[in-house]
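**Student:** File work.txt below, compact mmCIF, C-alpha atoms and all ligand atoms:
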# COMPACT_ATOMS: atom_id res chain seq x y z
CA MET A 5 15.59 4.66 -18.85
CA TYR A 6 15.13 4.93 -22.63
CA SER A 7 18.07 4.07 -24.87
CA ILE A 8 17.96 5.71 -28.27
CA ILE A 9 19.98 3.84 -30.90
CA GLY A 10 21.14 6.21 -33.64
CA ALA A 11 21.79 9.95 -33.60
CA GLY A 12 20.36 10.92 -36.97
CA ILE A 13 17.54 13.42 -37.33
CA GLY A 14 15.05 11.13 -35.55
CA GLY A 15 17.33 10.07 -32.70
CA LEU A 16 18.60 13.59 -31.98
CA MET A 17 15.11 15.06 -32.13
CA THR A 18 13.82 12.35 -29.77
CA ALA A 19 16.65 13.17 -27.36
CA ILE A 20 15.67 16.86 -27.41
CA ALA A 21 12.00 15.97 -26.91
CA PHE A 22 12.84 13.62 -23.99
CA GLU A 23 15.10 16.24 -22.45
CA LYS A 24 12.27 18.80 -22.48
CA ALA A 25 9.77 16.25 -21.17
CA HIS A 26 12.16 15.12 -18.37
CA ILE A 27 12.17 11.55 -19.65
CA GLU A 28 15.38 9.73 -18.73
CA TYR A 29 17.39 8.76 -21.82
CA GLN A 30 20.78 8.16 -23.40
CA VAL A 31 21.77 8.10 -27.07
CA PHE A 32 24.14 5.60 -28.73
CA GLU A 33 25.59 6.43 -32.14
CA ARG A 34 27.75 4.25 -34.39
CA VAL A 35 30.08 6.93 -35.82
CA SER A 36 32.95 8.47 -33.85
CA SER A 37 31.97 12.08 -34.64
CA PHE A 38 29.80 14.04 -37.00
CA GLY A 39 31.66 15.33 -40.03
CA ASP A 40 30.35 17.43 -42.87
CA VAL A 41 27.20 15.35 -43.36
CA GLY A 42 25.19 15.03 -46.52
CA ALA A 43 23.97 17.78 -48.76
CA GLY A 44 20.82 19.79 -48.12
CA ILE A 45 17.42 19.03 -46.69
CA TRP A 46 14.01 20.66 -46.91
CA LEU A 47 12.26 21.11 -43.61
CA SER A 48 8.54 21.41 -44.23
CA PRO A 49 6.19 23.27 -41.87
CA ASN A 50 5.19 20.12 -39.95
CA ALA A 51 8.86 19.67 -39.00
CA LEU A 52 9.23 23.41 -38.37
CA GLN A 53 6.26 23.46 -35.99
CA VAL A 54 7.99 20.78 -33.91
CA LEU A 55 11.28 22.69 -34.00
CA ASP A 56 9.34 25.82 -33.01
CA TYR A 57 7.70 23.95 -30.11
CA PHE A 58 11.15 22.98 -28.80
CA GLY A 59 12.53 26.51 -29.26
CA LEU A 60 14.80 25.73 -32.22
CA LEU A 61 12.98 27.44 -35.06
CA GLN A 62 14.89 30.72 -35.02
CA GLU A 63 18.24 28.98 -35.24
CA VAL A 64 17.02 26.88 -38.16
CA GLN A 65 15.66 29.98 -39.91
CA GLN A 66 18.94 31.81 -39.41
CA ASN A 67 20.92 28.93 -40.90
CA GLY A 68 18.61 28.10 -43.78
CA ASN A 69 16.66 29.67 -46.58
CA SER A 70 12.90 30.12 -46.79
CA ILE A 71 11.17 28.62 -49.81
CA ASP A 72 8.42 30.86 -51.18
CA ARG A 73 7.57 28.94 -54.32
CA ILE A 74 7.78 25.27 -55.35
CA THR A 75 7.91 24.63 -59.08
CA ILE A 76 7.87 21.33 -60.92
CA GLY A 77 9.02 22.20 -64.40
CA LEU A 78 10.46 21.13 -67.70
CA PRO A 79 14.23 21.14 -68.31
CA ASP A 80 14.01 24.75 -69.58
CA LEU A 81 12.39 25.86 -66.26
CA SER A 82 8.89 26.30 -67.74
CA PRO A 83 6.41 25.23 -65.06
CA ILE A 84 4.34 22.06 -65.06
CA SER A 85 3.04 22.82 -61.58
CA ASP A 86 3.78 26.01 -59.70
CA SER A 87 2.89 26.49 -56.04
CA PRO A 88 3.48 29.85 -54.35
CA GLN A 89 3.62 29.27 -50.59
CA GLU A 90 1.67 32.31 -49.33
CA ALA A 91 -1.24 30.26 -47.99
CA ILE A 92 1.22 28.01 -46.14
CA LYS A 93 2.95 31.04 -44.60
CA GLU A 94 -0.41 32.49 -43.66
CA ARG A 95 -1.44 29.30 -41.86
CA PHE A 96 1.80 28.45 -40.06
CA GLY A 97 3.80 31.67 -40.07
CA TYR A 98 6.52 30.10 -42.28
CA SER A 99 6.93 27.93 -45.32
CA THR A 100 9.52 25.18 -45.95
CA ILE A 101 13.16 25.93 -45.10
CA ALA A 102 16.08 24.54 -47.10
CA ILE A 103 19.16 24.01 -44.94
CA HIS A 104 22.52 22.24 -45.02
CA ARG A 105 22.18 18.87 -43.23
CA GLY A 106 25.37 19.59 -41.31
CA ALA A 107 23.91 22.87 -40.01
CA LEU A 108 20.70 21.12 -38.91
CA GLN A 109 22.66 18.38 -37.18
CA LYS A 110 24.81 20.94 -35.34
CA ILE A 111 21.71 22.74 -34.05
CA LEU A 112 20.20 19.48 -32.79
CA VAL A 113 23.43 18.20 -31.18
CA ASN A 114 24.03 21.52 -29.41
CA ASN A 115 20.69 21.10 -27.66
CA ILE A 116 21.52 17.75 -26.07
CA PRO A 117 23.74 17.47 -22.96
CA ARG A 118 27.06 16.02 -24.17
CA GLU A 119 27.16 13.34 -21.47
CA LYS A 120 23.98 11.75 -22.82
CA LEU A 121 25.37 11.28 -26.33
CA HIS A 122 27.69 8.27 -26.73
CA PHE A 123 29.70 7.97 -29.95
CA GLU A 124 31.38 4.85 -31.34
CA LYS A 125 28.64 2.69 -29.88
CA SER A 126 27.42 0.51 -32.71
CA PHE A 127 24.36 -1.50 -31.68
CA SER A 128 24.97 -5.21 -32.05
CA SER A 129 22.36 -7.24 -30.15
CA ILE A 130 19.92 -7.37 -27.25
CA GLU A 131 19.35 -9.79 -24.39
CA ASN A 132 16.40 -9.68 -22.01
CA SER A 133 17.32 -10.47 -18.43
CA GLN A 134 14.04 -9.66 -16.68
CA LYS A 135 10.81 -7.98 -17.74
CA ASN A 136 11.68 -4.51 -18.98
CA ILE A 137 15.37 -4.84 -18.17
CA THR A 138 17.28 -5.35 -21.36
CA SER A 139 20.99 -5.54 -22.00
CA ILE A 140 22.16 -3.79 -25.16
CA PHE A 141 25.44 -5.07 -26.59
CA PHE A 142 27.66 -2.97 -28.82
CA GLU A 143 30.19 -4.00 -31.47
CA ASP A 144 33.08 -2.95 -29.20
CA GLY A 145 32.03 -5.61 -26.67
CA SER A 146 30.56 -3.18 -24.15
CA SER A 147 26.95 -3.33 -22.91
CA VAL A 148 24.40 -1.25 -21.00
CA LYS A 149 21.17 -2.06 -19.21
CA THR A 150 18.01 -0.24 -20.14
CA ASN A 151 14.23 -0.37 -19.76
CA PHE A 152 13.17 0.70 -23.23
CA ILE A 153 14.86 0.90 -26.61
CA ILE A 154 14.05 3.42 -29.34
CA GLY A 155 15.41 2.15 -32.66
CA ALA A 156 16.37 5.30 -34.59
CA ASP A 157 19.15 3.69 -36.59
CA GLY A 158 17.92 4.47 -40.08
CA ILE A 159 16.66 2.53 -43.07
CA HIS A 160 19.09 -0.39 -42.59
CA SER A 161 18.22 -0.60 -38.89
CA LYS A 162 19.84 -3.42 -36.92
CA VAL A 163 17.31 -2.89 -34.15
CA ARG A 164 14.53 -3.57 -36.69
CA GLN A 165 16.35 -6.65 -37.95
CA HIS A 166 16.43 -7.89 -34.37
CA ILE A 167 12.66 -7.62 -33.81
CA PHE A 168 11.37 -7.99 -37.37
CA PRO A 169 13.96 -10.09 -39.23
CA ASN A 170 11.70 -10.45 -42.27
CA SER A 171 11.39 -6.72 -42.94
CA LYS A 172 12.66 -5.67 -46.36
CA THR A 173 13.73 -2.48 -48.11
CA ARG A 174 12.47 -1.82 -51.65
CA TYR A 175 14.66 -0.37 -54.37
CA SER A 176 12.75 2.17 -56.45
CA GLY A 177 14.89 1.61 -59.55
CA GLN A 178 16.16 5.19 -59.16
CA THR A 179 19.48 6.50 -57.98
CA CYS A 180 20.23 9.99 -56.72
CA TRP A 181 23.30 12.26 -56.81
CA ARG A 182 23.41 15.21 -54.45
CA GLY A 183 25.74 18.13 -53.98
CA ILE A 184 26.23 21.61 -52.57
CA ALA A 185 27.46 24.13 -55.13
CA HIS A 186 29.21 27.32 -54.08
CA THR A 187 28.19 29.74 -56.79
CA THR A 188 25.56 32.33 -57.62
CA LEU A 189 22.48 31.92 -59.76
CA ASP A 190 19.92 34.37 -61.00
CA SER A 191 17.81 35.95 -58.20
CA GLU A 192 14.75 33.96 -59.31
CA PHE A 193 16.37 30.97 -57.55
CA ASP A 194 16.72 32.85 -54.27
CA HIS A 195 13.51 31.57 -52.68
CA ARG A 196 12.08 29.36 -55.39
CA VAL A 197 12.85 25.65 -55.63
CA TYR A 198 12.69 23.80 -58.89
CA GLU A 199 12.34 20.14 -59.67
CA LEU A 200 12.83 19.73 -63.41
CA TRP A 201 11.47 16.64 -65.13
CA GLY A 202 13.25 15.50 -68.30
CA ASN A 203 13.32 12.21 -70.16
CA GLN A 204 13.31 9.79 -67.19
CA ILE A 205 15.73 12.02 -65.34
CA ARG A 206 15.07 14.94 -62.99
CA PHE A 207 17.02 17.69 -61.31
CA GLY A 208 16.24 19.68 -58.16
CA ILE A 209 17.63 23.09 -57.18
CA SER A 210 17.30 25.06 -53.98
CA ARG A 211 19.38 27.78 -52.39
CA ILE A 212 20.30 26.96 -48.78
CA SER A 213 22.18 30.18 -47.96
CA GLU A 214 23.86 33.07 -49.74
CA GLY A 215 26.08 31.57 -52.46
CA GLN A 216 25.24 27.95 -51.54
CA TYR A 217 22.84 25.78 -53.53
CA TYR A 218 21.69 22.27 -52.77
CA TRP A 219 21.00 20.21 -55.89
CA PHE A 220 19.98 16.66 -56.63
CA ALA A 221 19.86 14.62 -59.81
CA VAL A 222 17.82 11.43 -60.20
CA ALA A 223 18.05 8.76 -62.91
CA LEU A 224 17.06 5.14 -63.43
CA ASP A 225 19.79 2.57 -62.80
CA GLU A 226 20.44 -0.86 -61.35
CA ALA A 227 20.83 -1.10 -57.58
CA ASN A 228 24.22 -0.68 -55.90
CA LYS A 229 26.05 0.77 -58.92
CA LYS A 230 29.02 2.96 -58.03
CA ASP A 231 30.73 5.76 -59.95
CA ASN A 232 34.36 6.41 -60.43
CA PRO A 233 34.42 9.75 -58.52
CA SER A 234 36.61 11.43 -61.13
CA GLU A 235 33.99 10.68 -63.80
CA THR A 236 30.75 11.53 -61.95
CA LYS A 237 30.71 15.18 -62.95
CA ILE A 238 31.39 14.48 -66.62
CA LYS A 239 28.65 11.85 -66.59
CA LEU A 240 26.11 14.21 -64.97
CA LEU A 241 27.01 17.10 -67.27
CA ALA A 242 26.36 14.84 -70.26
CA MET A 243 23.14 13.47 -68.76
CA PHE A 244 21.71 16.96 -68.16
CA GLU A 245 23.21 18.76 -71.17
CA THR A 246 19.77 19.75 -72.54
CA PHE A 247 18.69 21.29 -69.21
CA ASP A 248 18.78 24.99 -68.29
CA SER A 249 22.29 26.44 -67.96
CA SER A 250 21.79 26.87 -64.18
CA VAL A 251 21.73 23.06 -63.86
CA LEU A 252 25.04 22.70 -65.64
CA LYS A 253 26.52 25.54 -63.61
CA LEU A 254 25.57 23.82 -60.35
CA ILE A 255 27.06 20.48 -61.36
CA ALA A 256 30.20 22.11 -62.74
CA SER A 257 30.84 24.14 -59.58
CA THR A 258 30.57 21.18 -57.18
CA PRO A 259 33.88 19.44 -56.35
CA ASP A 260 33.97 15.83 -57.66
CA ASP A 261 34.60 14.35 -54.24
CA LYS A 262 31.64 16.21 -52.75
CA ILE A 263 29.03 14.60 -55.01
CA LEU A 264 27.14 11.93 -53.09
CA ARG A 265 25.35 9.02 -54.69
CA ASN A 266 22.60 6.97 -53.01
CA ASP A 267 20.06 4.55 -54.38
CA ILE A 268 16.49 5.56 -53.61
CA LEU A 269 14.94 2.99 -51.30
CA ASP A 270 12.08 2.77 -48.90
CA LEU A 271 10.94 0.22 -46.37
CA ASN A 272 8.21 -2.22 -47.30
CA PRO A 273 5.57 -0.96 -44.81
CA LEU A 274 5.61 -2.88 -41.52
CA ASN A 275 2.40 -3.95 -39.75
CA GLN A 276 3.93 -3.12 -36.43
CA TRP A 277 6.58 -0.61 -35.32
CA HIS A 278 7.12 -2.03 -31.84
CA LYS A 279 7.67 -5.28 -29.99
CA ASN A 280 7.95 -5.74 -26.23
CA ASN A 281 9.98 -2.80 -24.92
CA ILE A 282 11.39 -1.76 -28.32
CA CYS A 283 9.92 0.87 -30.62
CA LEU A 284 11.12 1.97 -34.06
CA ILE A 285 10.98 5.57 -35.21
CA GLY A 286 11.98 7.49 -38.36
CA ASP A 287 13.53 5.55 -41.24
CA ALA A 288 14.05 2.49 -39.03
CA GLY A 289 10.28 2.06 -38.82
CA HIS A 290 8.95 3.68 -41.96
CA ALA A 291 11.58 4.88 -44.44
CA THR A 292 10.03 6.65 -47.41
CA THR A 293 11.44 7.65 -50.79
CA PRO A 294 12.45 11.34 -50.78
CA ASN A 295 9.98 12.45 -53.46
CA MET A 296 7.82 14.41 -51.04
CA GLY A 297 10.69 15.65 -48.87
CA GLN A 298 9.00 14.07 -45.84
CA GLY A 299 11.32 11.35 -44.41
CA GLY A 300 13.12 13.66 -42.01
CA ALA A 301 9.93 15.57 -41.21
CA GLN A 302 8.17 12.35 -40.26
CA ALA A 303 11.09 11.34 -38.01
CA ILE A 304 10.77 14.75 -36.35
CA GLU A 305 7.01 14.30 -35.93
CA ASP A 306 7.68 10.85 -34.40
CA ALA A 307 9.87 12.43 -31.72
CA TYR A 308 7.18 15.01 -30.93
CA TYR A 309 4.33 12.51 -30.57
CA LEU A 310 6.33 9.78 -28.86
CA SER A 311 7.62 12.09 -26.14
CA HIS A 312 4.13 13.50 -25.59
CA ILE A 313 2.51 10.06 -25.36
CA ILE A 314 5.19 8.78 -22.96
CA LYS A 315 4.79 11.88 -20.79
CA GLN A 316 1.01 11.53 -20.66
CA ASN A 317 0.82 7.77 -20.01
CA SER A 318 2.21 5.44 -17.49
CA CYS A 319 0.50 2.34 -18.90
CA ASP A 320 2.11 -0.44 -20.89
CA ASP A 321 0.66 0.34 -24.30
CA THR A 322 2.56 3.61 -24.93
CA PHE A 323 4.22 2.31 -28.09
CA GLN A 324 0.91 0.98 -29.39
CA GLN A 325 -0.67 4.40 -28.81
CA PHE A 326 2.22 6.02 -30.63
CA GLN A 327 1.80 3.72 -33.59
CA LYS A 328 -1.97 4.26 -33.64
CA LYS A 329 -1.43 8.02 -33.75
CA ARG A 330 1.18 7.97 -36.53
CA PHE A 331 0.49 4.92 -38.68
CA SER A 332 -2.05 6.22 -41.14
CA LYS A 333 -0.33 9.55 -41.94
CA VAL A 334 3.08 7.96 -42.33
CA ASN A 335 1.88 5.09 -44.50
CA SER A 336 -0.04 7.39 -46.78
CA ILE A 337 3.12 9.51 -47.27
CA VAL A 338 5.20 6.41 -48.02
CA LYS A 339 2.65 5.31 -50.64
CA GLN A 340 2.20 8.74 -52.21
CA SER A 341 5.94 9.34 -52.35
CA TRP A 342 6.55 5.99 -54.06
CA THR A 343 3.88 6.75 -56.68
CA THR A 344 5.18 10.30 -57.26
CA GLY A 345 8.66 8.88 -57.94
CA LYS A 346 7.27 6.46 -60.51
CA ILE A 347 5.21 9.18 -62.25
CA ALA A 348 8.22 11.52 -62.43
CA HIS A 349 10.14 8.90 -64.43
CA TRP A 350 7.41 7.75 -66.80
CA LYS A 351 8.79 6.59 -70.11
CA TYR A 352 5.57 7.09 -72.08
CA GLY A 353 2.71 9.58 -71.81
CA LYS A 354 4.84 12.41 -70.47
CA ARG A 355 2.87 15.08 -72.36
CA ILE A 356 -0.43 13.83 -70.99
CA ARG A 357 1.10 13.59 -67.51
CA ASN A 358 2.31 17.17 -67.73
CA MET A 359 -1.07 18.38 -69.00
CA ILE A 360 -2.84 16.65 -66.10
CA PHE A 361 -0.40 18.21 -63.61
CA LYS A 362 -0.92 21.64 -65.18
CA SER A 363 -4.69 21.29 -64.96
CA ILE A 364 -4.75 20.51 -61.23
CA PRO A 365 -5.99 23.71 -59.52
CA ASN A 366 -3.30 25.28 -57.37
CA LYS A 367 -5.80 25.52 -54.51
CA LEU A 368 -5.99 21.73 -54.44
CA VAL A 369 -2.19 21.33 -54.39
CA ILE A 370 -1.91 23.80 -51.53
CA LYS A 371 -4.81 22.15 -49.66
CA LYS A 372 -2.95 18.80 -49.79
CA MET A 373 0.19 20.48 -48.47
CA LEU A 374 -1.73 22.21 -45.68
CA ASP A 375 -3.29 18.90 -44.60
CA MET A 376 0.06 17.13 -44.60
CA TYR A 377 1.74 19.91 -42.60
CA GLU A 378 -0.91 19.94 -39.85
CA ILE A 379 0.14 18.52 -36.46
CA ASP A 380 -1.63 18.35 -33.08
CA LYS A 381 -0.93 21.24 -30.72
CA PHE A 382 0.44 20.38 -27.28
CA GLU A 383 1.33 22.55 -24.28
CA LEU A 384 5.01 22.43 -23.26
C1 LIG A 401 18.27 11.77 -51.48
C2 LIG A 401 17.48 12.04 -50.24
C3 LIG A 401 16.91 13.28 -50.03
C4 LIG A 401 16.11 13.52 -48.91
N1 LIG A 401 15.55 14.74 -48.73
C5 LIG A 401 14.75 14.96 -47.66
C6 LIG A 401 14.14 16.24 -47.45
O1 LIG A 401 14.35 17.19 -48.23
N2 LIG A 401 13.34 16.41 -46.37
C7 LIG A 401 13.10 15.40 -45.46
O2 LIG A 401 12.37 15.62 -44.49
N3 LIG A 401 13.68 14.19 -45.63
C8 LIG A 401 14.50 13.95 -46.69
N4 LIG A 401 15.10 12.74 -46.86
C9 LIG A 401 14.85 11.68 -45.86
C10 LIG A 401 15.68 11.86 -44.61
O3 LIG A 401 17.04 12.00 -44.94
C11 LIG A 401 15.50 10.66 -43.69
O4 LIG A 401 14.14 10.33 -43.61
C12 LIG A 401 16.03 10.99 -42.31
O5 LIG A 401 17.41 11.20 -42.36
C13 LIG A 401 15.68 9.86 -41.35
O6 LIG A 401 16.23 10.12 -40.10
P1 LIG A 401 16.56 8.92 -39.12
O7 LIG A 401 17.11 9.56 -37.88
O8 LIG A 401 15.39 8.02 -38.99
O9 LIG A 401 17.68 8.07 -39.84
P2 LIG A 401 19.16 8.52 -40.24
O10 LIG A 401 19.22 9.95 -40.54
O11 LIG A 401 19.60 7.55 -41.29
O12 LIG A 401 20.02 8.30 -38.94
C14 LIG A 401 20.34 7.02 -38.44
C15 LIG A 401 21.50 7.14 -37.47
O13 LIG A 401 21.72 5.89 -36.86
C16 LIG A 401 23.10 5.58 -36.86
N5 LIG A 401 23.25 4.12 -36.83
C17 LIG A 401 23.03 3.25 -37.84
N6 LIG A 401 23.26 2.00 -37.43
C18 LIG A 401 23.63 2.07 -36.12
C19 LIG A 401 23.98 1.10 -35.13
N7 LIG A 401 24.03 -0.21 -35.43
N8 LIG A 401 24.26 1.53 -33.88
C20 LIG A 401 24.23 2.87 -33.58
N9 LIG A 401 23.91 3.82 -34.48
C21 LIG A 401 23.59 3.43 -35.73
C22 LIG A 401 23.63 6.22 -38.14
O14 LIG A 401 25.03 6.43 -38.09
C23 LIG A 401 22.83 7.52 -38.17
O15 LIG A 401 23.46 8.54 -37.44
C24 LIG A 401 15.91 12.48 -47.96
C25 LIG A 401 16.52 11.23 -48.15
C26 LIG A 401 17.30 11.01 -49.28
C27 LIG A 401 17.93 9.65 -49.45
Using structure tokens, write down the structure that the file contains.

**Tutor:**
Amino acid sequence: MYSIIGAGIGGLMTAIAFEKAHIEYQVFERVSSFGDVGAGIWLSPNALQVLDYFGLLQEVQQNGNSIDRITIGLPDLSPISDSPQEAIKERFGYSTIAIHRGALQKILVNNIPREKLHFEKSFSSIENSQKNITSIFFEDGSSVKTNFIIGADGIHSKVRQHIFPNSKTRYSGQTCWRGIAHTTLDSEFDHRVYELWGNQIRFGISRISEGQYYWFAVALDEANKKDNPSETKIKLLAMFETFDSSVLKLIASTPDDKILRNDILDLNPLNQWHKNNICLIGDAGHATTPNMGQGGAQAIEDAYYLSHIIKQNSCDDTFQQFQKKRFSKVNSIVKQSWTTGKIAHWKYGKRIRNMIFKSIPNKLVIKKMLDMYEIDKFEL
């Protein structure tokens, strides 16, 4: 029996993968139910191939919006780097999809038998009774016995703290506001996403469905600062006042209480993702900054590879094999994403930076994307 701690993107996807592979499992989630979670998310073709493999692609496509062009630009929308996604579509049959997180979560939850998903079970601690029989204790005082534990409890993972107490998150120095605006923009935003780089601030725009746009705003700030919710909008409107009018329209048409704020963190890369009968996946094992839109995609890839490796092997080193398979790709994304975030907020040399970005041949940008989106092909 595998016990998955956490029903985020990684935990839910692992449950779906285990279900299809006939691996015995149960999922334990801290919250009592899923509300209207988060803002939007981009699902890149590596994630979509996994969703396709498990028969969920169509539902995701129906609930999201296909991205045909990715533009990094200046505040007035003029491009610094512009990447049409035709070559990506040609290779995989689809390009990135932007979707509401709540819609994605609903699709994943609906594909897991209800009796295997346990809410209000906040992981507290572990006790080993015999080899490969572990008791998991929850905050409510209850416990279960299990053979293996998959820690999918996010960047502040308690499971990780239990096995690697010295692991540390890193604050990037950047904080991020996100929202969903119900409005309409010019048709050029229909299938084109923008990330606009200003003076140490940036703003991202992508349509997730008809009349619904996901946006994010990033700025430098100290860690753990909070806003007075009634002032967030005014503050953001002032911060982005020199940006294109679409930016101001998106901020203005998002209700104050629906604007989320999170500091941008990642996890100082671990040397090891597993110990004894416990394995970490997704943000619990390798949280990345969101600059490449890959955190969720990597959690989804984890589920795909882990279930395959477990299904193929009966030996003891399954988790080591999983780590060996995933380590290098994941760590290179974490590193690249961290660097991209720093470059986007450069104080000096912005003109040179933009010129360098402009001079990079589009073929090279697309080649990097194609490489990152590639996954191994397995038979169901
Ligand atoms: C601003 C921002 C934008 C992003 N944009 C993208 C994007 O466009 N594309 C992309 O691929 N990724 C993106 N990401 C990254 C992505 O959100 C994460 O990588 C992804 O959610 C990780 O999934 P996870 O399941 O590992 O963790 P989480 O989604 O954090 O899920 C963890 C789950 O564990 C539960 N939990 C926590 N503690 C306990 C406990 N003690 N017991 C039981 N349950 C527990 C939580 O309630 C939660 O349900 C973004 C991240 C940020 C911050």

**Student:** Let me see if you get this right: every residue at most 8 Å from ligand LIG 401 (chain A), counting all atoms listed in the file, written as a PyMOL selection string.

**Tutor:** chain A and resi 9-16+32-35+44-48+51+102+124-128+142+156-163+180-182+220+266-269+285-289+291-303

**Student:** Ranking A:Leu108, A:Val54, A:Ile364, A:Val251 by minimum distance to Pro79 (chain A) and counting all atoms listed in the file, which one comes first?

**Tutor:** A:Val251

**Student:** Using all atoms listed in the file, find the one residue out of A:Gly97, A:Gly183, A:Gly177, A:Gly215 that sits nearest to Trp342 (chain A).

**Tutor:** A:Gly177

**Student:** Quick one: residues within 6 Å of Arg73 (chain A), only C-alpha atoms, excluding same-chain residues fewer than 4 positions away - as a count of residues only?

**Tutor:** 4

**Student:** Compile the contact shell of Asp261 (chain A) as a list in words: residues with an atom at most 10 Å away, counting all atoms listed in the file, same-chain residues fewer than 4 positions apart removed.

**Tutor:** Gly183, Pro233, Ser234, Thr236 and Lys237 of chain A

**Student:** Counting all atoms listed in the file, I want the residues whose atoms come within 12 Å of (5.1, 1.2, -29.2) in the file frame, returned as a VMD selection string.

**Tutor:** chain A and resid 152 to 155 276 to 285 289 306 309 to 311 313 to 314 319 to 331

**Student:** Can you tell me, as a list in words, what residues are no more than 10 Å from Ile140 (chain A) when counting all atoms listed in the file, ignoring any on the same chain fewer than 6 positions away?

**Tutor:**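 Here the qualifying residues turn out to be Ser7, Ile9, Phe127, Ser128, Ser129, Ile130, Glu131, Asn132, Ser146, Ser147, Val148, Lys149, Thr150 and Ile153 of chain A.
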
**Student:** Determine the nearest neighbour of Tyr6 (chain A) from the options A:Gly42, A:Val113, A:Ile137, A:Leu374, counting all atoms listed in the file.

**Tutor:**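 Checking each of A:Gly42, A:Val113, A:Ile137, A:Leu374 against Tyr6 (chain A), counting all atoms listed in the file, the winner is A:Ile137.
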
**Student:** A:Ile212, A:Ile116, A:Leu121, A:Met5: which is nearest Val64 (chain A), counting all atoms listed in the file?

**Tutor:**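 Nearest candidate to Val64 (chain A) out of A:Ile212, A:Ile116, A:Leu121, A:Met5: A:Ile212.
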
**Student:** Can you list, as a list in words, every protein, DNA or RNA residue that comes within 10 Å of Leu189 (chain A) when you count only C-alpha atoms, leaving out same-chain residues fewer than 4 positions away?

**Tutor:**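 Final neighbour list, sorted by chain and number: Phe193, Asp194, Arg211, Gly215, Gln216, Tyr217, Ser249, Ser250, Val251, Lys253 and Leu254 of chain A.
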
**Student:** Please, what distance in Å, to one decimal, runs between CA of Arg118 (chain A) and CA of Gly106 (chain A)?

**Tutor:**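 Computed distance, CA of Arg118 (chain A) to CA of Gly106 (chain A), equals 17.6 Å.
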
**Student:** Residues within 12 Å of Gly353 (chain A), please, as a ChimeraX atom specification. Count all atoms listed in the file; anything in the same chain fewer than 6 positions from it doesn't count.

**Tutor:** /A:203-204,347,359-360

**Student:** Just need the box for region 237-248 of chain A, edges along x, y and z, holding every atom the file lists for it with 5 Å tacked onto each side, so centre and edge lengths in Å to one decimal, as lines of an AutoDock Vina configuration file.

**Tutor:**
center_x = 25.0
center_y = 18.4
center_z = -67.7
size_x = 22.7
size_y = 23.1
size_z = 19.6

**Student:** Between CA of Ala242 (chain A) and CA of Phe207 (chain A), what is the distance in Å, rounded to a tenth?

**Tutor:**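 Separation between CA of Ala242 (chain A) and CA of Phe207 (chain A): 13.2 Å.
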
**Student:** One decimal, in Å: what's the spacing between CA of Gln65 (chain A) and CA of Glu90 (chain A)?

**Tutor:**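 A separation of 17.0 Å between them.
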
**Student:** Which of these, A:Asn232, A:Asn275, A:Asn114, A:Thr75, has the shortest distance to Asp260 (chain A) once you count only C-alpha atoms?

**Tutor:**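 Among A:Asn232, A:Asn275, A:Asn114, A:Thr75, it is A:Asn232 that comes nearest to Asp260 (chain A).
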
**Student:** Measuring atom to atom with only C-alpha atoms, identify which of A:Asp248, A:Glu63, A:Asp270, A:Asp380 is nearest to Lys172 (chain A).

**Tutor:**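 Using only C-alpha atoms, Lys172 (chain A) sits closest to A:Asp270.
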